[in-house]
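Shown next: target.pdb, containing PDB, C-alpha atoms.
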ATOM      1  CA  ILE H   1      -6.570  -2.708 -14.873
ATOM      2  CA  LYS H   2      -4.956  -0.457 -17.471
ATOM      3  CA  GLU H   3      -1.200   0.000 -17.760
ATOM      4  CA  LYS H   4      -1.505   3.806 -17.763
ATOM      5  CA  ALA H   5      -3.281   3.701 -14.403
ATOM      6  CA  VAL H   6      -0.429   1.677 -12.879
ATOM      7  CA  TRP H   7       2.134   4.141 -14.289
ATOM      8  CA  ARG H   8       0.218   7.081 -12.787
ATOM      9  CA  ALA H   9       0.121   5.295  -9.439
ATOM     10  CA  PHE H  10       3.874   4.615  -9.658
ATOM     11  CA  PHE H  11       4.889   8.247 -10.175
ATOM     12  CA  ALA H  12       2.401   9.489  -7.588
ATOM     13  CA  ASN H  13       3.603   6.983  -4.972
ATOM     14  CA  ILE H  14       7.260   7.817  -5.514
ATOM     15  CA  GLY H  15       6.521  11.549  -5.276
ATOM     16  CA  ILE H  16       4.526  11.101  -2.074
ATOM     17  CA  ALA H  17       7.247   8.832  -0.645
ATOM     18  CA  VAL H  18       9.849  11.578  -1.164
ATOM     19  CA  ILE H  19       7.632  14.188   0.539
ATOM     20  CA  LYS H  20       6.922  11.866   3.475
ATOM     21  CA  LEU H  21      10.614  11.054   3.772
ATOM     22  CA  ALA H  22      11.394  14.785   3.949
ATOM     23  CA  CYS H  23       8.788  15.133   6.713
ATOM     24  CA  TRP H  24      10.394  12.247   8.579
ATOM     25  CA  TYR H  25      13.824  13.912   8.235
ATOM     26  CA  VAL H  26      12.658  17.110   9.946
ATOM     27  CA  SER H  27      10.385  15.417  12.514
ATOM     28  CA  LYS H  28      11.990  12.004  13.142
ATOM     29  CA  SER H  29       8.479  10.531  13.320
ATOM     30  CA  SER H  30       8.424   6.731  13.129
ATOM     31  CA  ALA H  31       4.925   6.856  11.645
ATOM     32  CA  MET H  32       6.107   9.149   8.843
ATOM     33  CA  LEU H  33       9.055   6.856   8.135
ATOM     34  CA  SER H  34       6.672   3.892   7.948
ATOM     35  CA  GLU H  35       4.386   5.842   5.624
ATOM     36  CA  SER H  36       7.301   6.845   3.354
ATOM     37  CA  ILE H  37       8.401   3.187   3.218
ATOM     38  CA  HIS H  38       4.798   2.184   2.474
ATOM     39  CA  SER H  39       4.550   4.646  -0.439
ATOM     40  CA  ALA H  40       7.977   3.636  -1.782
ATOM     41  CA  ALA H  41       6.982  -0.039  -1.551
ATOM     42  CA  ASP H  42       3.786   0.757  -3.463
ATOM     43  CA  GLY H  43       5.907   2.395  -6.159
ATOM     44  CA  VAL H  44       8.243  -0.589  -6.480
ATOM     45  CA  ASN H  45       5.258  -2.926  -6.445
ATOM     46  CA  SER H  46       3.817  -0.963  -9.362
ATOM     47  CA  ILE H  47       6.943  -1.818 -11.374
ATOM     48  CA  CYS H  48       6.508  -5.511 -10.566
ATOM     49  CA  LEU H  49       2.862  -5.342 -11.599
ATOM     50  CA  LEU H  50       3.725  -3.510 -14.827
ATOM     51  CA  ILE H  51       6.230  -6.216 -15.735
ATOM     52  CA  GLY H  52       3.609  -8.844 -14.910
ATOM     53  CA  LEU H  53       1.022  -7.067 -17.081
ATOM     54  CA  LYS H  54       3.363  -6.817 -20.061
ATOM     55  CA  ARG H  55       4.640 -10.382 -19.848
ATOM     56  CA  GLY H  56       1.260 -11.845 -18.916
ATOM     57  CA  ASN H  57      -0.368 -10.353 -22.022
ATOM     58  CA  LYS H  58       2.123 -11.920 -24.431
ATOM     59  CA  PRO H  59       0.422 -14.219 -26.946
ATOM     60  CA  ALA H  60       0.832 -17.977 -26.754
ATOM     61  CA  ASP H  61       3.698 -19.534 -28.691
ATOM     62  CA  ARG H  62       5.021 -23.040 -29.294
ATOM     63  CA  PHE H  63       6.994 -22.980 -26.029
ATOM     64  CA  HIS H  64       4.025 -21.630 -24.042
ATOM     65  CA  PRO H  65       0.904 -22.979 -25.773
ATOM     66  CA  PHE H  66      -1.330 -21.799 -22.911
ATOM     67  CA  GLY H  67       0.074 -18.274 -22.926
ATOM     68  CA  TYR H  68       1.924 -16.255 -20.282
ATOM     69  CA  GLY H  69      -1.031 -15.320 -18.052
ATOM     70  CA  LEU H  70       0.479 -16.779 -14.873
ATOM     71  CA  GLU H  71       3.465 -14.418 -15.075
ATOM     72  CA  ALA H  72       1.234 -11.671 -13.661
ATOM     73  CA  ASN H  73       0.787 -13.820 -10.539
ATOM     74  CA  VAL H  74       4.518 -14.528 -10.325
ATOM     75  CA  TRP H  75       5.378 -10.815 -10.372
ATOM     76  CA  ALA H  76       2.619 -10.155  -7.831
ATOM     77  CA  ILE H  77       4.454 -12.662  -5.600
ATOM     78  CA  PHE H  78       7.657 -10.627  -5.975
ATOM     79  CA  ALA H  79       5.702  -7.474  -5.061
ATOM     80  CA  SER H  80       4.339  -9.197  -1.935
ATOM     81  CA  ILE H  81       7.848 -10.229  -0.871
ATOM     82  CA  PHE H  82       9.094  -6.655  -1.271
ATOM     83  CA  MET H  83       6.174  -5.484   0.857
ATOM     84  CA  LEU H  84       7.410  -7.802   3.623
ATOM     85  CA  ILE H  85      10.735  -5.914   3.646
ATOM     86  CA  GLY H  86       8.897  -2.631   4.244
ATOM     87  CA  THR H  87       6.885  -4.360   6.970
ATOM     88  CA  ALA H  88      10.034  -5.434   8.814
ATOM     89  CA  ILE H  89      11.444  -1.891   8.802
ATOM     90  CA  SER H  90       8.177  -0.360  10.052
ATOM     91  CA  LEU H  91       7.846  -2.868  12.891
ATOM     92  CA  TYR H  92      11.506  -2.469  13.863
ATOM     93  CA  LYS H  93      11.403   1.333  13.972
ATOM     94  CA  GLY H  94       8.103   1.377  15.857
ATOM     95  CA  GLY H  95       9.189  -1.294  18.342
ATOM     96  CA  THR H  96      12.560   0.353  18.945
ATOM     97  CA  LYS H  97      10.966   3.732  19.594
ATOM     98  CA  LEU H  98       8.334   2.264  21.912
ATOM     99  CA  PHE H  99      10.542  -0.007  24.015
ATOM    100  CA  VAL H 100      14.139   1.212  23.651
ATOM    101  CA  THR H 101      14.690   4.879  22.706
ATOM    102  CA  HIS H 102      12.426   7.275  24.643
ATOM    103  CA  HIS H 103      13.894  10.562  23.430
ATOM    104  CA  SER H 104      12.229  13.986  23.174
ATOM    105  CA  GLU H 105       9.613  14.460  20.467
ATOM    106  CA  MET H 106      10.073  18.234  20.101
ATOM    107  CA  GLN H 107      11.005  17.843  16.429
ATOM    108  CA  LEU H 108       7.793  15.929  15.797
ATOM    109  CA  LEU H 109       5.629  18.361  17.784
ATOM    110  CA  ASN H 110       7.196  21.481  16.269
ATOM    111  CA  ASN H 111       6.655  20.168  12.731
ATOM    112  CA  TYR H 112       3.140  18.829  13.299
ATOM    113  CA  HIS H 113       1.487  21.223  10.848
ATOM    114  CA  LEU H 114       3.856  20.231   8.044
ATOM    115  CA  ILE H 115       3.194  16.550   8.761
ATOM    116  CA  ALA H 116      -0.575  17.088   8.981
ATOM    117  CA  LEU H 117      -0.700  18.926   5.638
ATOM    118  CA  THR H 118       1.317  16.136   4.006
ATOM    119  CA  LEU H 119      -0.926  13.416   5.425
ATOM    120  CA  ILE H 120      -4.166  15.242   4.548
ATOM    121  CA  GLY H 121      -2.908  15.684   0.983
ATOM    122  CA  SER H 122      -2.025  11.988   0.935
ATOM    123  CA  ILE H 123      -5.532  11.074   2.114
ATOM    124  CA  PHE H 124      -7.075  12.879  -0.866
ATOM    125  CA  PHE H 125      -4.702  11.090  -3.237
ATOM    126  CA  GLU H 126      -5.390   7.706  -1.649
ATOM    127  CA  LEU H 127      -9.150   8.320  -1.871
ATOM    128  CA  TRP H 128      -8.718   8.933  -5.587
ATOM    129  CA  ALA H 129      -6.564   5.805  -5.883
ATOM    130  CA  VAL H 130      -9.110   3.647  -4.002
ATOM    131  CA  ASN H 131     -11.902   4.963  -6.224
ATOM    132  CA  SER H 132      -9.847   4.185  -9.333
ATOM    133  CA  ALA H 133      -9.062   0.663  -8.088
ATOM    134  CA  SER H 134     -12.712   0.120  -7.118
ATOM    135  CA  ARG H 135     -13.840   1.104 -10.612
ATOM    136  CA  ALA H 136     -11.399  -1.439 -12.039
ATOM    137  CA  VAL H 137     -12.904  -4.154  -9.814
ATOM    138  CA  VAL H 138     -16.470  -3.205 -10.764
ATOM    139  CA  SER H 139     -15.538  -3.117 -14.446
ATOM    140  CA  GLU H 140     -13.906  -6.558 -14.306
ATOM    141  CA  ALA H 141     -16.894  -7.949 -12.392
ATOM    142  CA  GLU H 142     -19.131  -6.509 -15.155
ATOM    143  CA  ILE H 143     -21.520  -4.786 -12.786
ATOM    144  CA  ILE H 144     -22.915  -1.236 -12.753
ATOM    145  CA  ALA H 145     -22.216   1.306 -10.005
ATOM    146  CA  LYS H 146     -23.628   4.832  -9.973
ATOM    147  CA  THR H 147     -21.613   6.750  -7.368
ATOM    148  CA  PRO H 148     -18.082   6.485  -5.920
ATOM    149  CA  ILE H 149     -19.492   5.150  -2.644
ATOM    150  CA  ASP H 150     -21.646   2.621  -4.503
ATOM    151  CA  THR H 151     -18.580   1.646  -6.553
ATOM    152  CA  PHE H 152     -16.500   1.109  -3.419
ATOM    153  CA  LEU H 153     -19.179  -0.921  -1.634
ATOM    154  CA  LYS H 154     -19.696  -3.145  -4.679
ATOM    155  CA  SER H 155     -15.933  -3.596  -5.059
ATOM    156  CA  ILE H 156     -15.800  -4.920  -1.475
ATOM    157  CA  LYS H 157     -18.535  -7.410  -2.332
ATOM    158  CA  HIS H 158     -16.887  -8.666  -5.539
ATOM    159  CA  ILE H 159     -13.125  -8.363  -4.875
ATOM    160  CA  ASN H 160     -12.809 -12.022  -3.880
ATOM    161  CA  HIS H 161     -14.265 -13.086  -7.229
ATOM    162  CA  ILE H 162     -11.716 -11.097  -9.272
ATOM    163  CA  LYS H 163      -9.220 -13.307 -11.115
ATOM    164  CA  SER H 164      -6.729 -10.630 -12.239
ATOM    165  CA  PRO H 165      -3.851 -10.559  -9.715
ATOM    166  CA  THR H 166      -2.996  -6.979 -10.696
ATOM    167  CA  THR H 167      -6.504  -5.642 -10.085
ATOM    168  CA  LYS H 168      -6.756  -7.491  -6.782
ATOM    169  CA  PHE H 169      -3.281  -6.408  -5.639
ATOM    170  CA  VAL H 170      -3.818  -2.719  -6.490
ATOM    171  CA  TRP H 171      -7.222  -2.632  -4.739
ATOM    172  CA  TYR H 172      -5.900  -4.096  -1.487
ATOM    173  CA  GLU H 173      -2.716  -2.039  -1.662
ATOM    174  CA  ASP H 174      -4.568   1.254  -2.151
ATOM    175  CA  LEU H 175      -7.008   0.467   0.656
ATOM    176  CA  ALA H 176      -4.130  -0.355   3.027
ATOM    177  CA  ALA H 177      -2.345   2.851   2.004
ATOM    178  CA  LEU H 178      -5.444   4.918   2.828
ATOM    179  CA  ALA H 179      -5.838   3.191   6.193
ATOM    180  CA  GLY H 180      -2.142   3.731   6.977
ATOM    181  CA  VAL H 181      -2.289   7.467   6.272
ATOM    182  CA  ILE H 182      -5.387   7.856   8.471
ATOM    183  CA  VAL H 183      -3.719   5.909  11.310
ATOM    184  CA  ALA H 184      -0.601   8.099  11.084
ATOM    185  CA  LEU H 185      -2.626  11.337  11.108
ATOM    186  CA  ILE H 186      -4.714  10.258  14.105
ATOM    187  CA  ALA H 187      -1.639   9.114  16.051
ATOM    188  CA  LEU H 188       0.363  12.275  15.428
ATOM    189  CA  THR H 189      -2.638  14.448  16.276
ATOM    190  CA  ILE H 190      -2.956  12.591  19.594
ATOM    191  CA  ALA H 191       0.780  13.107  20.193
ATOM    192  CA  LYS H 192       0.422  16.843  19.537
ATOM    193  CA  PHE H 193      -2.803  17.696  21.375
ATOM    194  CA  VAL H 194      -3.572  14.910  23.855
ATOM    195  CA  THR H 195      -0.454  13.337  25.388
ATOM    196  CA  ALA H 196       2.173  15.093  27.451
ATOM    197  CA  GLU H 197       5.414  15.918  25.630
ATOM    198  CA  GLN H 198       7.399  13.183  27.389
ATOM    199  CA  PHE H 199       4.884  10.572  26.195
ATOM    200  CA  ALA H 200       4.402  11.884  22.642
ATOM    201  CA  TYR H 201       6.597   9.083  21.298
ATOM    202  CA  ILE H 202       4.009   6.456  22.315
ATOM    203  CA  PRO H 203       1.224   7.158  19.749
ATOM    204  CA  ASP H 204       3.879   7.758  17.068
ATOM    205  CA  ALA H 205       5.537   4.391  17.753
ATOM    206  CA  ILE H 206       2.198   2.563  18.003
ATOM    207  CA  ALA H 207       1.131   4.025  14.649
ATOM    208  CA  SER H 208       4.326   2.714  13.061
ATOM    209  CA  ILE H 209       3.641  -0.757  14.476
ATOM    210  CA  ILE H 210      -0.004  -0.717  13.331
ATOM    211  CA  ILE H 211       1.039   0.301   9.802
ATOM    212  CA  GLY H 212       3.642  -2.473   9.825
ATOM    213  CA  LEU H 213       1.075  -5.052  10.954
ATOM    214  CA  MET H 214      -1.361  -3.957   8.237
ATOM    215  CA  LEU H 215       1.380  -4.368   5.641
ATOM    216  CA  LEU H 216       2.286  -7.753   7.118
ATOM    217  CA  GLY H 217      -1.270  -9.050   6.927
ATOM    218  CA  LEU H 218      -1.742  -7.733   3.387
ATOM    219  CA  ALA H 219       1.582  -9.134   2.177
ATOM    220  CA  PHE H 220       0.855 -12.623   3.566
ATOM    221  CA  TYR H 221      -2.674 -12.638   2.139
ATOM    222  CA  LEU H 222      -1.560 -11.619  -1.353
ATOM    223  CA  LEU H 223       1.443 -13.934  -1.222
ATOM    224  CA  ARG H 224      -0.747 -16.904  -0.278
ATOM    225  CA  TYR H 225      -3.390 -16.028  -2.878
ATOM    226  CA  ASN H 226      -0.916 -15.777  -5.759
ATOM    227  CA  VAL H 227       1.103 -18.845  -4.744
ATOM    228  CA  ASN H 228      -2.102 -20.881  -4.480
ATOM    229  CA  PHE H 229      -3.326 -19.539  -7.812
ATOM    230  CA  VAL H 230      -0.074 -20.442  -9.580
ATOM    231  CA  THR H 231       0.251 -23.909  -8.064
ATOM    232  CA  GLY H 232      -3.478 -24.659  -8.302
ATOM    233  CA  THR H 233      -3.753 -23.577 -11.923
ATOM    234  CA  SER H 234      -0.582 -25.451 -12.813
ATOM    235  CA  ALA H 235      -1.969 -28.608 -11.233
ATOM    236  CA  LYS H 236      -5.079 -28.319 -13.375
TER     237      LYS H 236
END
What does this structure look like when you write it as structure tokens?
Amino acid sequence: IKEKAVWRAFFANIGIAVIKLACWYVSKSSAMLSESIHSAADGVNSICLLIGLKRGNKPADRFHPFGYGLEANVWAIFASIFMLIGTAISLYKGGTKLFVTHHSEMQLLNNYHLIALTLIGSIFFELWAVNSASRAVVSEAEIIAKTPIDTFLKSIKHINHIKSPTTKFVWYEDLAALAGVIVALIALTIAKFVTAEQFAYIPDAIASIIIGLMLLGLAFYLLRYNVNFVTGTSAK
């Protein structure tokens, strides 16, 4: 994956995180807070991956005769650990709202249209990001794809065969980000149009927990993959 693509993703994620955080401030939606944390975590992870790309591409020298390639995996491990921090916050906020604080959701309901516009805009960005990451997977797998849908389907088929930790990390991260935005939009729409006002906190809190669990699963998978890759390659 190219360095410029990671930089573009970094600035986009930070910008979206700020907008989502502003939406959370006016609505006090747990799902929006989880989404803002998710986007901010993606931005910080991009920095880790950029460092890994730069250091991993350094040429071999007399102290590192086999090169610095494994540094990309090491920085991907750091990115996975940071993702776990975001996971903990999302699960805490969602769990607290669901089981402890059952306050009015008028702020959330009154600002639904602002939240919906933000999330719909985020969906379009995440679709672009997933397509970009899928093209990187297809390119690294050296296969041909004709359409964005074909590219995505082939990336699913070949992602487990990709060796680059950066390409793999970005693909999974972008897919999780898209899923998280869709979950948040569905939950807040249910809170607005389906549930009674006194129960509007339930879908919002559940969405926050689901987003947190998705992040948790992704973080553990990527952490295990990169740790195994580093230790397994070192053993060889």
Original post:
Hey, what's within 12 Å of Ile77 of chain H if we count only C-alpha atoms and toss same-chain stuff fewer than 6 positions away? As a ChimeraX atom specification, please?
Top reply: /H:45,48-49,52,70-71,83-84,165-166,169,218-230
Take the residues that were just selected and, keeping C-alpha atoms, output them as a CSV table (one decimal), in the frame of the given file.
chain,number,residue,atom,x,y,z
H,45,ASN,CA,5.3,-2.9,-6.4
H,48,CYS,CA,6.5,-5.5,-10.6
H,49,LEU,CA,2.9,-5.3,-11.6
H,52,GLY,CA,3.6,-8.8,-14.9
H,70,LEU,CA,0.5,-16.8,-14.9
H,71,GLU,CA,3.5,-14.4,-15.1
H,83,MET,CA,6.2,-5.5,0.9
H,84,LEU,CA,7.4,-7.8,3.6
H,165,PRO,CA,-3.9,-10.6,-9.7
H,166,THR,CA,-3.0,-7.0,-10.7
H,169,PHE,CA,-3.3,-6.4,-5.6
H,218,LEU,CA,-1.7,-7.7,3.4
H,219,ALA,CA,1.6,-9.1,2.2
H,220,PHE,CA,0.9,-12.6,3.6
H,221,TYR,CA,-2.7,-12.6,2.1
H,222,LEU,CA,-1.6,-11.6,-1.4
H,223,LEU,CA,1.4,-13.9,-1.2
H,224,ARG,CA,-0.7,-16.9,-0.3
H,225,TYR,CA,-3.4,-16.0,-2.9
H,226,ASN,CA,-0.9,-15.8,-5.8
H,227,VAL,CA,1.1,-18.8,-4.7
H,228,ASN,CA,-2.1,-20.9,-4.5
H,229,PHE,CA,-3.3,-19.5,-7.8
H,230,VAL,CA,-0.1,-20.4,-9.6
Subject >> Pick from H:Ala133, H:Leu98, H:Ile149, H:Ile115 nearest to Ile202 of chain H, counting only C-alpha atoms >> reply: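 Among the listed residues, the smallest separation from Ile202 of chain H belongs to H:Leu98.
Shortest atom-to-atom contact with His158 of chain H among H:Ala196, H:Val138, H:Ala187, H:Ile37: H:Val138, counting only C-alpha atoms.
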**OP:** Report the distance between atom CA of Lys20 of chain H and atom CA of Met106 of chain H in Å, rounded to one decimal place.
**Re:** 18.1 Å
**OP:** Could you expand the PyMOL selection byres ((chain H and resi 114) around 12) into the explicit residues it covers here, written as a list in words?
**Re:**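 With the shown file as input, the PyMOL selection byres ((chain H and resi 114) around 12) matches Ile19, Lys20, Ala22, Cys23, Trp24, Tyr25, Val26, Ser27, Ser29, Met32, Gln107, Leu108, Leu109, Asn110, Asn111, Tyr112, His113, Ile115, Ala116, Leu117, Thr118, Leu119, Ile120, Gly121, Leu185, Leu188 and Thr189 of chain H.
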Just need the box for segment 7-21 of chain H, edges along x, y and z, holding every atom the file lists for it with 3 Å tacked onto each side, so centre and edge lengths in Å to one decimal, as lines of an AutoDock Vina configuration file.
center_x = 5.4
center_y = 9.2
center_z = -5.3
size_x = 16.5
size_y = 16.0
size_z = 24.1
Subject >> Separation of atom CA of Ala76 of chain H from atom CA of Glu140 of chain H in Å >> reply: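 Result for atom CA of Glu140 of chain H versus atom CA of Ala76 of chain H: 18.1 Å, one decimal.
Atom CA of Lys97 of chain H to atom CA of Ala205 of chain H spans 5.8 Å [interatomic distance, one decimal].
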Original post:
Once you count all atoms listed in the file, which residues end up no further than 8 Å from (7.8, 7.0, 12.7) in the file's frame, shown as a PyMOL selection string?
Top reply: chain H and resi 24+28-35+90+93-94+204-205+207-208
Original post:
Got a sec: who's within 7 Å of Phe152 of chain H, counting all atoms listed in the file, leaving out chain neighbours fewer than 4 positions off, as JSON, numbers by chain?
Top reply: {"H": [131, 134, 148, 156]}
**OP:** Could you tell me which residues the PyMOL selection byres ((chain H and resi 180) around 9) returns for this structure, as a PyMOL selection string?
**Re:** chain H and resi 34-35+38+175-179+181-185+207-208+210-212+214-215
Resulting file, chosen residues, C-alpha atoms, as a tab-separated table (two decimals), keeping the file's coordinate frame:
chain	number	residue	atom	x	y	z
H	34	SER	CA	6.67	3.89	7.95
H	35	GLU	CA	4.39	5.84	5.62
H	38	HIS	CA	4.80	2.18	2.47
H	175	LEU	CA	-7.01	0.47	0.66
H	176	ALA	CA	-4.13	-0.36	3.03
H	177	ALA	CA	-2.35	2.85	2.00
H	178	LEU	CA	-5.44	4.92	2.83
H	179	ALA	CA	-5.84	3.19	6.19
H	181	VAL	CA	-2.29	7.47	6.27
H	182	ILE	CA	-5.39	7.86	8.47
H	183	VAL	CA	-3.72	5.91	11.31
H	184	ALA	CA	-0.60	8.10	11.08
H	185	LEU	CA	-2.63	11.34	11.11
H	207	ALA	CA	1.13	4.03	14.65
H	208	SER	CA	4.33	2.71	13.06
H	210	ILE	CA	0.00	-0.72	13.33
H	211	ILE	CA	1.04	0.30	9.80
H	212	GLY	CA	3.64	-2.47	9.82
H	214	MET	CA	-1.36	-3.96	8.24
H	215	LEU	CA	1.38	-4.37	5.64
**OP:** I would like the residues chosen by the PyMOL selection byres ((chain H and resi 6-9) around 12) on the shown file; could you give them as number ranges by chain?
**Re:** H: 1-5, 10-17, 39-54, 125-126, 128-130, 132-133, 136, 166-167, 169-171, 173-174, 177
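If you measure from each of H:Lys192, H:Arg135, H:Lys146, H:Lys157 to Glu105 of chain H using only C-alpha atoms, the closest one turns out to be H:Lys192.
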